[in-house]
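**Q** Coordinates in work-v7.txt, compact mmCIF, C-alpha atoms and all ligand atoms, are listed below.
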```txt
# COMPACT_ATOMS: atom_id res chain seq x y z
CA MET A 25 -22.01 12.55 -287.11
CA THR A 26 -23.50 13.83 -290.34
CA LYS A 27 -27.19 14.51 -290.73
CA ASN A 28 -27.87 11.17 -292.37
CA SER A 29 -25.91 9.11 -289.91
CA HIS A 30 -27.64 6.13 -288.31
CA HIS A 31 -26.68 3.39 -285.93
CA ILE A 32 -28.12 -0.09 -286.36
CA ALA A 33 -27.77 -3.41 -284.53
CA ILE A 34 -26.85 -6.50 -286.54
CA LEU A 35 -28.36 -9.69 -285.09
CA ALA A 36 -27.35 -12.38 -287.57
CA GLY A 37 -28.39 -15.30 -285.36
CA ASP A 38 -28.13 -18.91 -286.48
CA GLY A 39 -28.31 -21.21 -289.48
CA ILE A 40 -28.28 -19.26 -292.72
CA GLY A 41 -28.65 -16.01 -290.73
CA PRO A 42 -24.93 -15.12 -290.74
CA GLU A 43 -24.58 -15.97 -294.46
CA ILE A 44 -27.41 -13.74 -295.63
CA MET A 45 -26.54 -11.02 -293.11
CA ALA A 46 -23.02 -10.83 -294.55
CA GLU A 47 -24.58 -9.88 -297.91
CA ALA A 48 -26.88 -7.32 -296.28
CA GLN A 49 -23.86 -5.74 -294.58
CA ARG A 50 -21.93 -5.64 -297.85
CA VAL A 51 -24.86 -3.85 -299.46
CA ILE A 52 -25.03 -1.31 -296.61
CA THR A 53 -21.27 -0.75 -296.81
CA TRP A 54 -21.61 -0.20 -300.56
CA LEU A 55 -24.34 2.39 -299.92
CA ASN A 56 -22.17 4.11 -297.30
CA ASP A 57 -19.34 4.32 -299.84
CA ASN A 58 -21.41 5.23 -302.88
CA ALA A 59 -24.64 6.86 -301.74
CA ASP A 60 -25.12 9.54 -299.09
CA THR A 61 -25.88 7.13 -296.26
CA ALA A 62 -23.80 6.71 -293.11
CA VAL A 63 -25.10 3.61 -291.40
CA ASP A 64 -22.96 2.35 -288.58
CA MET A 65 -23.42 -1.39 -287.87
CA THR A 66 -22.78 -3.18 -284.56
CA PRO A 67 -23.04 -7.00 -284.59
CA THR A 68 -24.31 -8.75 -281.47
CA PRO A 69 -25.37 -12.36 -280.72
CA VAL A 70 -28.96 -13.62 -280.51
CA GLY A 71 -30.76 -16.97 -280.55
CA GLY A 72 -28.51 -20.02 -280.46
CA ALA A 73 -25.52 -17.71 -280.88
CA GLY A 74 -26.71 -15.85 -277.76
CA ILE A 75 -26.95 -19.13 -275.86
CA ASP A 76 -23.42 -20.04 -276.92
CA ALA A 77 -22.03 -16.60 -276.03
CA ALA A 78 -23.93 -15.74 -272.87
CA GLY A 79 -26.14 -18.70 -271.91
CA VAL A 80 -29.41 -17.04 -272.97
CA PRO A 81 -31.05 -16.41 -276.38
CA LEU A 82 -31.38 -12.67 -275.73
CA PRO A 83 -28.28 -11.55 -273.81
CA ASP A 84 -28.61 -8.29 -271.80
CA ASP A 85 -25.97 -6.57 -273.94
CA THR A 86 -27.92 -7.42 -277.07
CA LEU A 87 -31.18 -6.07 -275.64
CA ASP A 88 -29.44 -2.88 -274.41
CA LEU A 89 -27.92 -2.27 -277.81
CA CYS A 90 -31.27 -2.88 -279.56
CA LYS A 91 -32.93 -0.29 -277.32
CA LYS A 92 -30.39 2.35 -278.28
CA THR A 93 -30.11 1.87 -282.03
CA ASP A 94 -32.22 3.38 -284.83
CA ALA A 95 -33.09 -0.06 -286.17
CA ILE A 96 -32.40 -3.75 -285.74
CA LEU A 97 -31.49 -6.04 -288.61
CA PHE A 98 -32.30 -9.62 -287.69
CA GLY A 99 -31.26 -12.77 -289.58
CA SER A 100 -32.81 -15.96 -288.23
CA VAL A 101 -32.63 -18.12 -285.11
CA GLY A 102 -32.79 -21.78 -284.18
CA GLY A 103 -31.25 -25.09 -285.16
CA PRO A 104 -30.79 -28.70 -284.07
CA LYS A 105 -27.77 -27.80 -281.94
CA TRP A 106 -30.10 -26.21 -279.37
CA ASP A 107 -32.88 -28.84 -279.52
CA ASN A 108 -32.21 -29.89 -275.95
CA VAL A 109 -32.04 -26.54 -274.17
CA ALA A 110 -34.83 -25.63 -271.72
CA TYR A 111 -38.04 -24.61 -273.52
CA ASP A 112 -37.96 -21.01 -272.24
CA LEU A 113 -34.31 -20.69 -273.30
CA ARG A 114 -34.71 -21.99 -276.87
CA PRO A 115 -33.34 -19.72 -279.61
CA GLU A 116 -36.85 -18.70 -280.81
CA ALA A 117 -37.60 -17.42 -277.29
CA GLY A 118 -34.95 -14.74 -277.88
CA LEU A 119 -36.84 -13.37 -280.88
CA LEU A 120 -40.17 -13.48 -279.05
CA GLU A 121 -38.65 -11.70 -276.05
CA LEU A 122 -37.12 -9.02 -278.27
CA ARG A 123 -40.49 -8.41 -279.98
CA LYS A 124 -42.18 -8.20 -276.58
CA LYS A 125 -39.57 -6.07 -274.78
CA LEU A 126 -39.46 -3.51 -277.58
CA ASP A 127 -43.24 -3.75 -277.99
CA LEU A 128 -42.95 -4.38 -281.74
CA PHE A 129 -46.67 -4.93 -282.14
CA ALA A 130 -47.12 -4.34 -285.88
CA ASN A 131 -45.55 -6.84 -288.21
CA LEU A 132 -45.65 -5.92 -291.91
CA ARG A 133 -45.24 -8.84 -294.27
CA PRO A 134 -45.53 -7.88 -297.91
CA ALA A 135 -46.03 -10.65 -300.46
CA LYS A 136 -45.21 -9.42 -303.93
CA VAL A 137 -44.89 -11.51 -307.05
CA TYR A 138 -42.03 -10.47 -309.30
CA ASP A 139 -42.79 -10.96 -313.00
CA ALA A 140 -39.44 -12.71 -313.45
CA LEU A 141 -40.36 -15.30 -310.81
CA ILE A 142 -43.89 -16.02 -311.88
CA ASP A 143 -43.01 -19.58 -312.83
CA ALA A 144 -41.50 -20.25 -309.40
CA SER A 145 -44.96 -20.09 -307.85
CA THR A 146 -46.82 -23.37 -307.49
CA LEU A 147 -49.97 -21.50 -308.53
CA LYS A 148 -50.97 -20.77 -312.11
CA PRO A 149 -49.39 -17.58 -313.50
CA ASP A 150 -52.75 -15.90 -314.21
CA ILE A 151 -53.70 -16.29 -310.52
CA VAL A 152 -50.55 -14.71 -309.09
CA LYS A 153 -49.42 -12.26 -311.79
CA GLY A 154 -48.90 -8.78 -310.36
CA LEU A 155 -49.87 -9.93 -306.89
CA ASP A 156 -49.11 -7.38 -304.17
CA ILE A 157 -50.51 -8.15 -300.71
CA LEU A 158 -49.53 -6.74 -297.35
CA ILE A 159 -50.21 -8.81 -294.26
CA VAL A 160 -50.27 -6.78 -291.06
CA ARG A 161 -49.82 -9.28 -288.25
CA GLU A 162 -50.29 -8.42 -284.58
CA LEU A 163 -47.00 -9.48 -283.02
CA THR A 164 -46.92 -9.02 -279.26
CA GLY A 165 -50.24 -10.40 -278.08
CA GLY A 166 -52.64 -13.27 -278.56
CA VAL A 167 -51.88 -16.90 -277.86
CA TYR A 168 -48.13 -16.35 -278.27
CA PHE A 169 -47.99 -14.43 -274.99
CA GLY A 170 -51.33 -14.98 -273.22
CA GLN A 171 -51.43 -16.19 -269.61
CA PRO A 172 -52.01 -18.72 -268.21
CA ARG A 173 -49.91 -21.11 -270.25
CA GLY A 174 -48.10 -24.28 -269.43
CA ILE A 175 -48.11 -28.05 -269.22
CA GLU A 176 -49.56 -29.67 -266.10
CA THR A 177 -50.16 -33.20 -264.90
CA LEU A 178 -53.75 -34.08 -264.03
CA PRO A 179 -54.76 -36.24 -261.05
CA ASP A 180 -55.36 -39.20 -263.39
CA GLY A 181 -51.79 -38.94 -264.69
CA GLN A 182 -52.66 -37.44 -268.06
CA ARG A 183 -50.89 -34.28 -269.04
CA ARG A 184 -52.64 -31.09 -270.14
CA GLY A 185 -51.04 -28.37 -272.26
CA PHE A 186 -52.72 -24.97 -272.36
CA ASN A 187 -52.32 -21.49 -273.83
CA THR A 188 -54.54 -18.44 -273.71
CA GLN A 189 -55.76 -16.42 -276.66
CA VAL A 190 -56.37 -12.90 -275.41
CA TYR A 191 -56.72 -9.42 -276.93
CA THR A 192 -57.64 -6.03 -275.49
CA THR A 193 -59.27 -3.08 -277.25
CA HIS A 194 -55.98 -1.17 -277.23
CA GLU A 195 -54.02 -4.05 -278.78
CA ILE A 196 -56.58 -4.46 -281.54
CA GLU A 197 -56.91 -0.75 -282.25
CA ARG A 198 -53.20 0.02 -282.53
CA VAL A 199 -52.49 -2.73 -285.04
CA ALA A 200 -55.65 -1.88 -286.98
CA GLU A 201 -54.52 1.77 -287.15
CA VAL A 202 -51.32 0.61 -288.83
CA ALA A 203 -53.30 -1.52 -291.29
CA PHE A 204 -55.63 1.37 -292.23
CA ASP A 205 -52.65 3.75 -292.61
CA MET A 206 -50.83 1.28 -294.85
CA ALA A 207 -53.95 0.69 -296.96
CA ARG A 208 -54.30 4.42 -297.44
CA LYS A 209 -50.97 4.42 -299.33
CA ARG A 210 -52.03 1.36 -301.37
CA ALA A 211 -55.35 0.18 -302.84
CA LYS A 212 -57.36 1.35 -299.79
CA ARG A 213 -58.78 -2.03 -298.86
CA VAL A 214 -58.41 -3.85 -295.53
CA CYS A 215 -59.61 -7.39 -294.88
CA SER A 216 -59.63 -8.37 -291.21
CA ALA A 217 -59.26 -12.10 -290.49
CA GLU A 218 -60.31 -13.81 -287.25
CA LYS A 219 -62.55 -16.61 -286.01
CA ALA A 220 -65.43 -14.55 -284.61
CA ASN A 221 -67.66 -17.56 -285.19
CA VAL A 222 -65.92 -19.61 -282.47
CA MET A 223 -63.74 -17.33 -280.37
CA GLU A 224 -64.72 -14.42 -278.10
CA SER A 225 -61.35 -12.81 -278.80
CA GLY A 226 -62.29 -12.96 -282.49
CA LYS A 227 -65.69 -11.45 -281.84
CA LEU A 228 -64.04 -8.59 -279.95
CA TRP A 229 -61.46 -8.19 -282.72
CA ARG A 230 -64.23 -7.78 -285.31
CA GLU A 231 -66.26 -5.38 -283.14
CA GLU A 232 -63.31 -3.14 -282.26
CA ILE A 233 -62.03 -2.92 -285.83
CA THR A 234 -65.53 -2.15 -287.12
CA ALA A 235 -65.91 0.62 -284.52
CA LEU A 236 -62.50 2.14 -285.27
CA HIS A 237 -63.23 2.04 -288.98
CA GLY A 238 -66.53 3.87 -288.49
CA GLU A 239 -64.86 6.53 -286.33
CA LYS A 240 -61.77 7.30 -288.38
CA HIS A 241 -61.24 5.29 -291.52
CA THR A 242 -64.36 5.31 -293.65
CA ASP A 243 -62.23 6.22 -296.69
CA ILE A 244 -60.86 2.65 -296.55
CA GLU A 245 -62.98 -0.35 -297.56
CA LEU A 246 -63.15 -2.79 -294.63
CA THR A 247 -64.21 -6.41 -295.01
CA HIS A 248 -64.11 -9.31 -292.55
CA MET A 249 -63.28 -12.93 -293.18
CA TYR A 250 -62.95 -16.00 -291.02
CA ALA A 251 -59.29 -16.94 -290.94
CA ASP A 252 -59.87 -20.40 -292.42
CA ASN A 253 -61.78 -18.90 -295.34
CA CYS A 254 -58.99 -16.35 -295.74
CA ALA A 255 -56.47 -19.19 -296.03
CA MET A 256 -58.63 -20.72 -298.75
CA GLN A 257 -59.23 -17.42 -300.58
CA LEU A 258 -55.49 -16.73 -300.63
CA LEU A 259 -55.11 -19.76 -302.86
CA ARG A 260 -58.36 -19.37 -304.80
CA ASN A 261 -58.16 -15.68 -305.68
CA PRO A 262 -55.30 -13.86 -303.94
CA ALA A 263 -55.71 -10.71 -306.05
CA GLN A 264 -58.88 -9.84 -304.10
CA PHE A 265 -56.65 -8.78 -301.16
CA ASP A 266 -54.80 -5.54 -300.56
CA VAL A 267 -54.05 -5.36 -296.81
CA ILE A 268 -54.94 -8.25 -294.50
CA VAL A 269 -54.91 -7.48 -290.77
CA THR A 270 -54.93 -10.39 -288.38
CA ASP A 271 -53.77 -11.66 -285.01
CA ASN A 272 -50.43 -13.16 -284.06
CA LEU A 273 -51.13 -16.86 -284.70
CA PHE A 274 -53.32 -16.50 -287.80
CA GLY A 275 -50.79 -13.98 -289.11
CA ASP A 276 -47.96 -16.45 -288.65
CA ILE A 277 -49.79 -19.01 -290.74
CA LEU A 278 -51.38 -16.76 -293.37
CA SER A 279 -48.09 -14.96 -294.00
CA ASP A 280 -46.23 -18.20 -294.75
CA GLU A 281 -49.04 -19.12 -297.12
CA ALA A 282 -49.00 -15.71 -298.82
CA ALA A 283 -45.23 -15.91 -299.11
CA MET A 284 -45.44 -19.17 -300.97
CA LEU A 285 -47.76 -17.61 -303.56
CA THR A 286 -44.72 -15.63 -304.62
CA GLY A 287 -42.69 -18.75 -305.26
CA SER A 288 -40.21 -18.74 -302.40
CA LEU A 289 -40.04 -17.94 -298.72
CA GLY A 290 -36.52 -16.81 -299.59
CA MET A 291 -37.80 -13.62 -301.21
CA LEU A 292 -39.89 -12.05 -298.50
CA PRO A 293 -38.80 -9.35 -296.05
CA SER A 294 -40.67 -8.04 -293.02
CA ALA A 295 -40.76 -5.08 -290.67
CA SER A 296 -41.83 -5.12 -287.03
CA LEU A 297 -42.72 -1.70 -285.67
CA GLY A 298 -43.40 -0.34 -282.20
CA ALA A 299 -45.33 2.72 -281.11
CA GLU A 300 -44.26 6.11 -282.44
CA ARG A 301 -42.13 8.09 -279.99
CA LYS A 302 -42.49 11.84 -279.43
CA ASP A 303 -39.73 12.57 -281.95
CA GLY A 304 -41.56 10.61 -284.66
CA THR A 305 -39.21 7.61 -284.62
CA ARG A 306 -40.32 4.14 -283.55
CA PRO A 307 -38.54 0.97 -282.39
CA ALA A 308 -38.16 -1.23 -285.44
CA LEU A 309 -36.81 -4.63 -286.37
CA PHE A 310 -36.36 -5.97 -289.90
CA GLU A 311 -36.05 -9.64 -290.74
CA PRO A 312 -36.67 -12.05 -293.58
CA ILE A 313 -39.75 -14.15 -292.92
CA HIS A 314 -37.97 -17.43 -293.67
CA GLY A 315 -36.29 -19.21 -290.79
CA SER A 316 -32.75 -20.39 -290.14
CA ALA A 317 -32.99 -23.29 -292.64
CA PRO A 318 -30.48 -25.57 -290.85
CA ASP A 319 -30.68 -28.04 -293.75
CA ILE A 320 -28.88 -25.64 -296.08
CA ALA A 321 -26.86 -23.64 -293.52
CA GLY A 322 -23.15 -23.45 -294.19
CA LYS A 323 -23.51 -24.43 -297.85
CA GLY A 324 -23.44 -20.87 -299.19
CA ILE A 325 -26.59 -21.39 -301.25
CA ALA A 326 -29.20 -19.44 -299.24
CA ASN A 327 -31.06 -16.64 -300.99
CA PRO A 328 -30.00 -13.28 -299.51
CA LEU A 329 -32.75 -11.29 -301.24
CA ALA A 330 -35.29 -11.43 -298.39
CA MET A 331 -32.58 -10.13 -296.06
CA ILE A 332 -31.66 -7.39 -298.52
CA GLY A 333 -35.36 -6.61 -298.98
CA SER A 334 -35.49 -6.23 -295.19
CA VAL A 335 -32.67 -3.68 -295.47
CA ALA A 336 -34.85 -1.80 -297.97
CA MET A 337 -37.76 -1.84 -295.52
CA MET A 338 -35.42 -0.54 -292.83
CA PHE A 339 -34.47 2.45 -294.97
CA ARG A 340 -38.15 3.11 -295.68
CA TYR A 341 -39.71 2.62 -292.23
CA ALA A 342 -36.93 3.40 -289.75
CA LEU A 343 -34.32 5.59 -291.41
CA ASN A 344 -36.70 7.80 -293.39
CA ARG A 345 -34.91 7.08 -296.65
CA GLY A 346 -37.61 5.93 -299.04
CA ASP A 347 -35.28 6.88 -301.90
CA ILE A 348 -32.69 4.28 -300.83
CA ALA A 349 -35.46 1.71 -300.25
CA ASP A 350 -36.72 2.28 -303.82
CA LYS A 351 -33.20 1.91 -305.14
CA LEU A 352 -32.71 -1.42 -303.37
CA GLU A 353 -36.13 -2.76 -304.35
CA ASN A 354 -35.49 -1.81 -307.98
CA ALA A 355 -32.13 -3.56 -307.81
CA ILE A 356 -33.77 -6.75 -306.47
CA ALA A 357 -36.27 -6.76 -309.35
CA ALA A 358 -33.45 -6.03 -311.81
CA VAL A 359 -31.20 -8.94 -310.73
CA LEU A 360 -34.18 -11.25 -311.14
CA ASP A 361 -34.93 -9.79 -314.58
CA LYS A 362 -31.29 -10.44 -315.52
CA GLY A 363 -31.89 -14.10 -314.69
CA TYR A 364 -29.81 -14.50 -311.53
CA ARG A 365 -31.25 -17.27 -309.37
CA THR A 366 -30.34 -18.91 -306.09
CA ALA A 367 -31.33 -22.56 -305.64
CA ASP A 368 -34.72 -21.84 -304.05
CA ILE A 369 -35.97 -19.80 -307.02
CA ALA A 370 -34.20 -21.60 -309.85
CA GLU A 371 -36.31 -23.73 -312.14
CA GLN A 372 -35.77 -27.44 -311.71
CA GLY A 373 -32.45 -28.53 -313.13
CA ALA A 374 -31.46 -24.95 -313.97
CA LYS A 375 -28.16 -23.39 -312.95
CA TYR A 376 -28.10 -21.42 -309.74
CA ILE A 377 -25.63 -19.13 -308.04
CA SER A 378 -24.29 -18.88 -304.49
CA THR A 379 -25.35 -16.51 -301.73
CA THR A 380 -22.23 -14.37 -302.27
CA ASP A 381 -22.66 -14.28 -306.04
CA MET A 382 -26.24 -13.08 -305.58
CA GLY A 383 -24.83 -10.35 -303.32
CA ASN A 384 -22.27 -9.52 -306.02
CA ALA A 385 -24.98 -9.41 -308.69
CA LEU A 386 -27.05 -7.07 -306.58
CA ILE A 387 -24.15 -4.71 -305.90
CA ALA A 388 -23.20 -4.71 -309.59
CA THR A 389 -26.80 -3.78 -310.38
CA LEU A 390 -26.74 -0.96 -307.82
CA GLU A 391 -23.66 0.36 -309.60
CA ASP A 392 -25.66 0.54 -312.84
CA ILE A 393 -28.78 2.19 -311.43
C1 LIG A 401 -42.12 -16.02 -287.72
C2 LIG A 401 -41.57 -17.26 -287.09
C3 LIG A 401 -41.57 -17.08 -285.57
C4 LIG A 401 -43.02 -16.95 -285.14
C5 LIG A 401 -40.85 -18.18 -284.79
C6 LIG A 401 -39.42 -18.35 -285.24
C7 LIG A 401 -40.89 -17.92 -283.30
O1 LIG A 401 -42.28 -18.36 -287.50
O2 LIG A 401 -41.55 -14.93 -287.49
O3 LIG A 401 -43.11 -16.12 -288.44
O4 LIG A 401 -43.73 -17.95 -284.92
O5 LIG A 401 -43.47 -15.81 -285.01
MG MG A 402 -43.72 -17.96 -289.03
```
Rewrite the structure of this file - the entire thing - as structure tokens.
Ligand code: IPM
Ligand code: MG

**A**
Amino acid sequence: MTKNSHHIAILAGDGIGPEIMAEAQRVITWLNDNADTAVDMTPTPVGGAGIDAAGVPLPDDTLDLCKKTDAILFGSVGGPKWDNVAYDLRPEAGLLELRKKLDLFANLRPAKVYDALIDASTLKPDIVKGLDILIVRELTGGVYFGQPRGIETLPDGQRRGFNTQVYTTHEIERVAEVAFDMARKRAKRVCSAEKANVMESGKLWREEITALHGEKHTDIELTHMYADNCAMQLLRNPAQFDVIVTDNLFGDILSDEAAMLTGSLGMLPSASLGAERKDGTRPALFEPIHGSAPDIAGKGIANPLAMIGSVAMMFRYALNRGDIADKLENAIAAVLDKGYRTADIAEQGAKYISTTDMGNALIATLEDI
């Protein structure tokens, strides 16, 4: 193994996952052949594909591989084929279990507006021009995992569904640390979003972040916002934000909203990071924030750029190759500047290209850079 050699797990999953992952793998192979990377890829099933292969959405072999590799590339999971499996065995449960088992508590979701795509946004160009927001979403706590949870039948025959929103000091502090560290490399502003006005967990969230800020991060500007106001402000004046730190559920919602400011869910990558190990590495998973899009799966028209952007984030945050990440991110901006569009980002009635042709365009651009 050479110094730069890395081993990654490829979890393509379901729906458009395999189509966009194929393009990501072609890009990585191109880098292995033409740049000084040596990234070894091992595919393994997850989600619906895991159910089909091994009866569960996160097969043991997949989890074992993910624990051993330097990074995980994840496509998307879910689809109508698995609508009738048991609730705790649904494809999405595989992703949630993977996040939890690897303790991937910090989810980075950047929302960046490319100049070339400014007209794809449903917002006015002067509102979104140059927009560059990073949402840091807590990913392994809150109502997604809180106990007790369930559906029970009451004595009067009604049913009652319940989940628990819960956060501890440690869970809040570690994700806030990531947000402050990220802000330090950006515009040095963090906005924390919760519902401290109605939820104790939100009140604690605000208190703990305020305390941590006072102790260690006074060089960063910290503001607080109720999550509903944050949703509104994202549409009213998104440029006011630099880093937004928020819990698992609010982060799920606010990140979809922020993504749409950029014009398409099909453009946005994400990174999910665990705690730093002694050797400075950390468990890490990279996935586009869009889902499996069963409605367009198999048609070869999905946008592979969020997946390829996730490859860039992998080079930056897991493989310590910021230079390769820059190269890929520049190539993504360049293919857009050249006018290449998949269906999701094409203007109405305009010509668009296939998933594979977008991959080809990106590789051709890499050759020129
Ligand atoms: C996301 C997705 C997931 C979530 C689903 C697929 C479980 O919406 O990554 O945002 O809710 O976290
Ligand atoms: Mg979501």

**Q** Give as a list in words each residue that has an atom at most 10 Å from (-51.0, -13.4, -271.1) in the file, counting only C-alpha atoms.

**A**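 Those residues lying close to the given coordinates are Gly165, Gly166, Val167, Tyr168, Phe169, Gly170, Gln171, Pro172, Arg173, Asn187, Thr188, Gln189, Val190 and Tyr191 of chain A.
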
**Q** Taking only C-alpha atoms into account, name the residue in A:Gly102, A:Pro134, A:Gly181, A:Gly41 that is nearest to Ser279 in chain A.

**A**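 Closest to Ser279 in chain A, using only C-alpha atoms: A:Pro134.
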
**Q** Once you count all atoms listed in the file, what closest atom pair and distance in Å to one decimal does each residue of chain A within 7 Å of ligand LIG 401 (chain A) have, with rows by chain and rising residue number, as a Markdown table?

**A**
```
| residue | atom | partner | partner_atom | distance |
| --- | --- | --- | --- | --- |
| A:Val101 | CA | A:LIG401 | C6 | 6.8 |
| A:Glu116 | CA | A:LIG401 | C7 | 4.8 |
| A:Ala117 | CA | A:LIG401 | C7 | 6.9 |
| A:Leu119 | CA | A:LIG401 | C7 | 6.6 |
| A:Leu120 | CA | A:LIG401 | C7 | 6.2 |
| A:Asp276 | CA | A:LIG401 | O3 | 4.9 |
| A:Ile313 | CA | A:LIG401 | O2 | 5.8 |
| A:Gly315 | CA | A:LIG401 | C6 | 6.4 |
```

**Q** May I have the residues within 9 Å of His237 in chain A as a list in words, using all atoms listed in the file and disregarding those fewer than 6 positions away in the same chain?

**A**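 Contacts, in chain order: Ala200, Glu201, Phe204, Asp243, Ile244, Glu245 and Leu246 of chain A.
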
**Q** Write as a PyMOL selection string the residues around ligand MG 402 (chain A), taking 12 Å as the cut-off and counting only C-alpha atoms and all ligand atoms.

**A** chain A and resi 100-101+116+119-120+131+133+161+163+168+272-283+289+292+294+311-316

**Q** For CA of Ala135 in chain A and CA of Thr242 in chain A, quote the distance in Å rounded to one decimal.

**A**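 Calculated distance between CA of Ala135 in chain A and CA of Thr242 in chain A is 25.2 Å.
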
**Q** Sorted by chain and rising residue number, which residues of range 165-221 of chain A lie within 10 Å of range 263-270 of chain A, and what are their closest atom pairs and distances in Å to one decimal, counting only C-alpha atoms, as a Markdown table?

**A**
```
| residue | atom | partner | partner_atom | distance |
| --- | --- | --- | --- | --- |
| A:Ile196 | CA | A:Thr270 | CA | 9.2 |
| A:Val199 | CA | A:Val269 | CA | 7.8 |
| A:Ala200 | CA | A:Val269 | CA | 6.8 |
| A:Glu201 | CA | A:Val269 | CA | 9.9 |
| A:Val202 | CA | A:Val269 | CA | 9.1 |
| A:Ala203 | CA | A:Val269 | CA | 6.2 |
| A:Phe204 | CA | A:Val267 | CA | 8.3 |
| A:Met206 | CA | A:Val267 | CA | 7.6 |
| A:Ala207 | CA | A:Val267 | CA | 6.1 |
| A:Arg208 | CA | A:Val267 | CA | 9.8 |
| A:Arg210 | CA | A:Asp266 | CA | 7.5 |
| A:Ala211 | CA | A:Asp266 | CA | 6.2 |
| A:Lys212 | CA | A:Asp266 | CA | 7.4 |
| A:Arg213 | CA | A:Asp266 | CA | 5.6 |
| A:Val214 | CA | A:Val267 | CA | 4.8 |
| A:Cys215 | CA | A:Ile268 | CA | 4.8 |
| A:Ser216 | CA | A:Val269 | CA | 4.8 |
| A:Ala217 | CA | A:Thr270 | CA | 5.1 |
| A:Glu218 | CA | A:Thr270 | CA | 6.5 |
```

**Q** Rank nothing, just name the residue among A:Ser296, A:Ser334, A:Ser378, A:Thr192 nearest to Leu128 in chain A, using all atoms listed in the file.

**A** A:Ser296

**Q** Please indicate the distance in Å from CA of Arg345 in chain A to CA of Thr389 in chain A, rounded to one decimal place.

**A** 19.3 Å

**Q** Could you list, as JSON, numbers by chain, every residue within 8 Å of range 92-95 of chain A, counting only C-alpha atoms and ignoring same-chain residues fewer than 6 positions away?

**A** {"A": [30, 31, 32, 33, 307, 308, 309, 310, 338, 342, 343]}

**Q** How many Å lie between CA of Ala36 in chain A and CA of Lys362 in chain A, rounded to one decimal?

**A**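 Between these atoms lies a distance of 28.3 Å.
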
**Q** May I ask which of the residues A:Gly103, A:Gly287, A:Gly118, A:Pro69 is the closest one to Pro81 in chain A, counting only C-alpha atoms?

**A**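 The closest residue to Pro81 in chain A is A:Gly118.
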
**Q** Please identify all polymer residues within 10 Å of Ala144 in chain A, counting only C-alpha atoms, omitting same-chain residues fewer than 2 positions from it, and present them as a compact mmCIF listing (two decimals) with C-alpha atoms, in the coordinates of the input.

**A**
```txt
# COMPACT_ATOMS: atom_id res chain seq x y z
CA VAL A 137 -44.89 -11.51 -307.05
CA TYR A 138 -42.03 -10.47 -309.30
CA ALA A 140 -39.44 -12.71 -313.45
CA LEU A 141 -40.36 -15.30 -310.81
CA ILE A 142 -43.89 -16.02 -311.88
CA THR A 146 -46.82 -23.37 -307.49
CA LEU A 147 -49.97 -21.50 -308.53
CA LYS A 148 -50.97 -20.77 -312.11
CA PRO A 149 -49.39 -17.58 -313.50
CA MET A 284 -45.44 -19.17 -300.97
CA LEU A 285 -47.76 -17.61 -303.56
CA THR A 286 -44.72 -15.63 -304.62
CA GLY A 287 -42.69 -18.75 -305.26
CA SER A 288 -40.21 -18.74 -302.40
CA ASP A 368 -34.72 -21.84 -304.05
CA ILE A 369 -35.97 -19.80 -307.02
CA ALA A 370 -34.20 -21.60 -309.85
CA GLU A 371 -36.31 -23.73 -312.14
CA GLN A 372 -35.77 -27.44 -311.71
```

**Q** I need every residue sitting at most 7 Å from the point (-27.9, -17.9, -298.8) (coordinates as in the file, all atoms listed in the file considered), written as an mmCIF file with C-alpha atoms, in the frame of the given file.

**A**
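Ended up saving to selection-v9.cif:
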```
data_model
loop_
_atom_site.group_PDB
_atom_site.id
_atom_site.type_symbol
_atom_site.label_atom_id
_atom_site.label_comp_id
_atom_site.auth_asym_id
_atom_site.auth_seq_id
_atom_site.Cartn_x
_atom_site.Cartn_y
_atom_site.Cartn_z
ATOM 1 C CA ILE A 40 -28.280 -19.260 -292.720
ATOM 2 C CA GLU A 43 -24.580 -15.970 -294.460
ATOM 3 C CA ILE A 44 -27.410 -13.740 -295.630
ATOM 4 C CA GLY A 324 -23.440 -20.870 -299.190
ATOM 5 C CA ILE A 325 -26.590 -21.390 -301.250
ATOM 6 C CA ALA A 326 -29.200 -19.440 -299.240
ATOM 7 C CA ASN A 327 -31.060 -16.640 -300.990
ATOM 8 C CA PRO A 328 -30.000 -13.280 -299.510
ATOM 9 C CA SER A 378 -24.290 -18.880 -304.490
ATOM 10 C CA THR A 379 -25.350 -16.510 -301.730
#
```
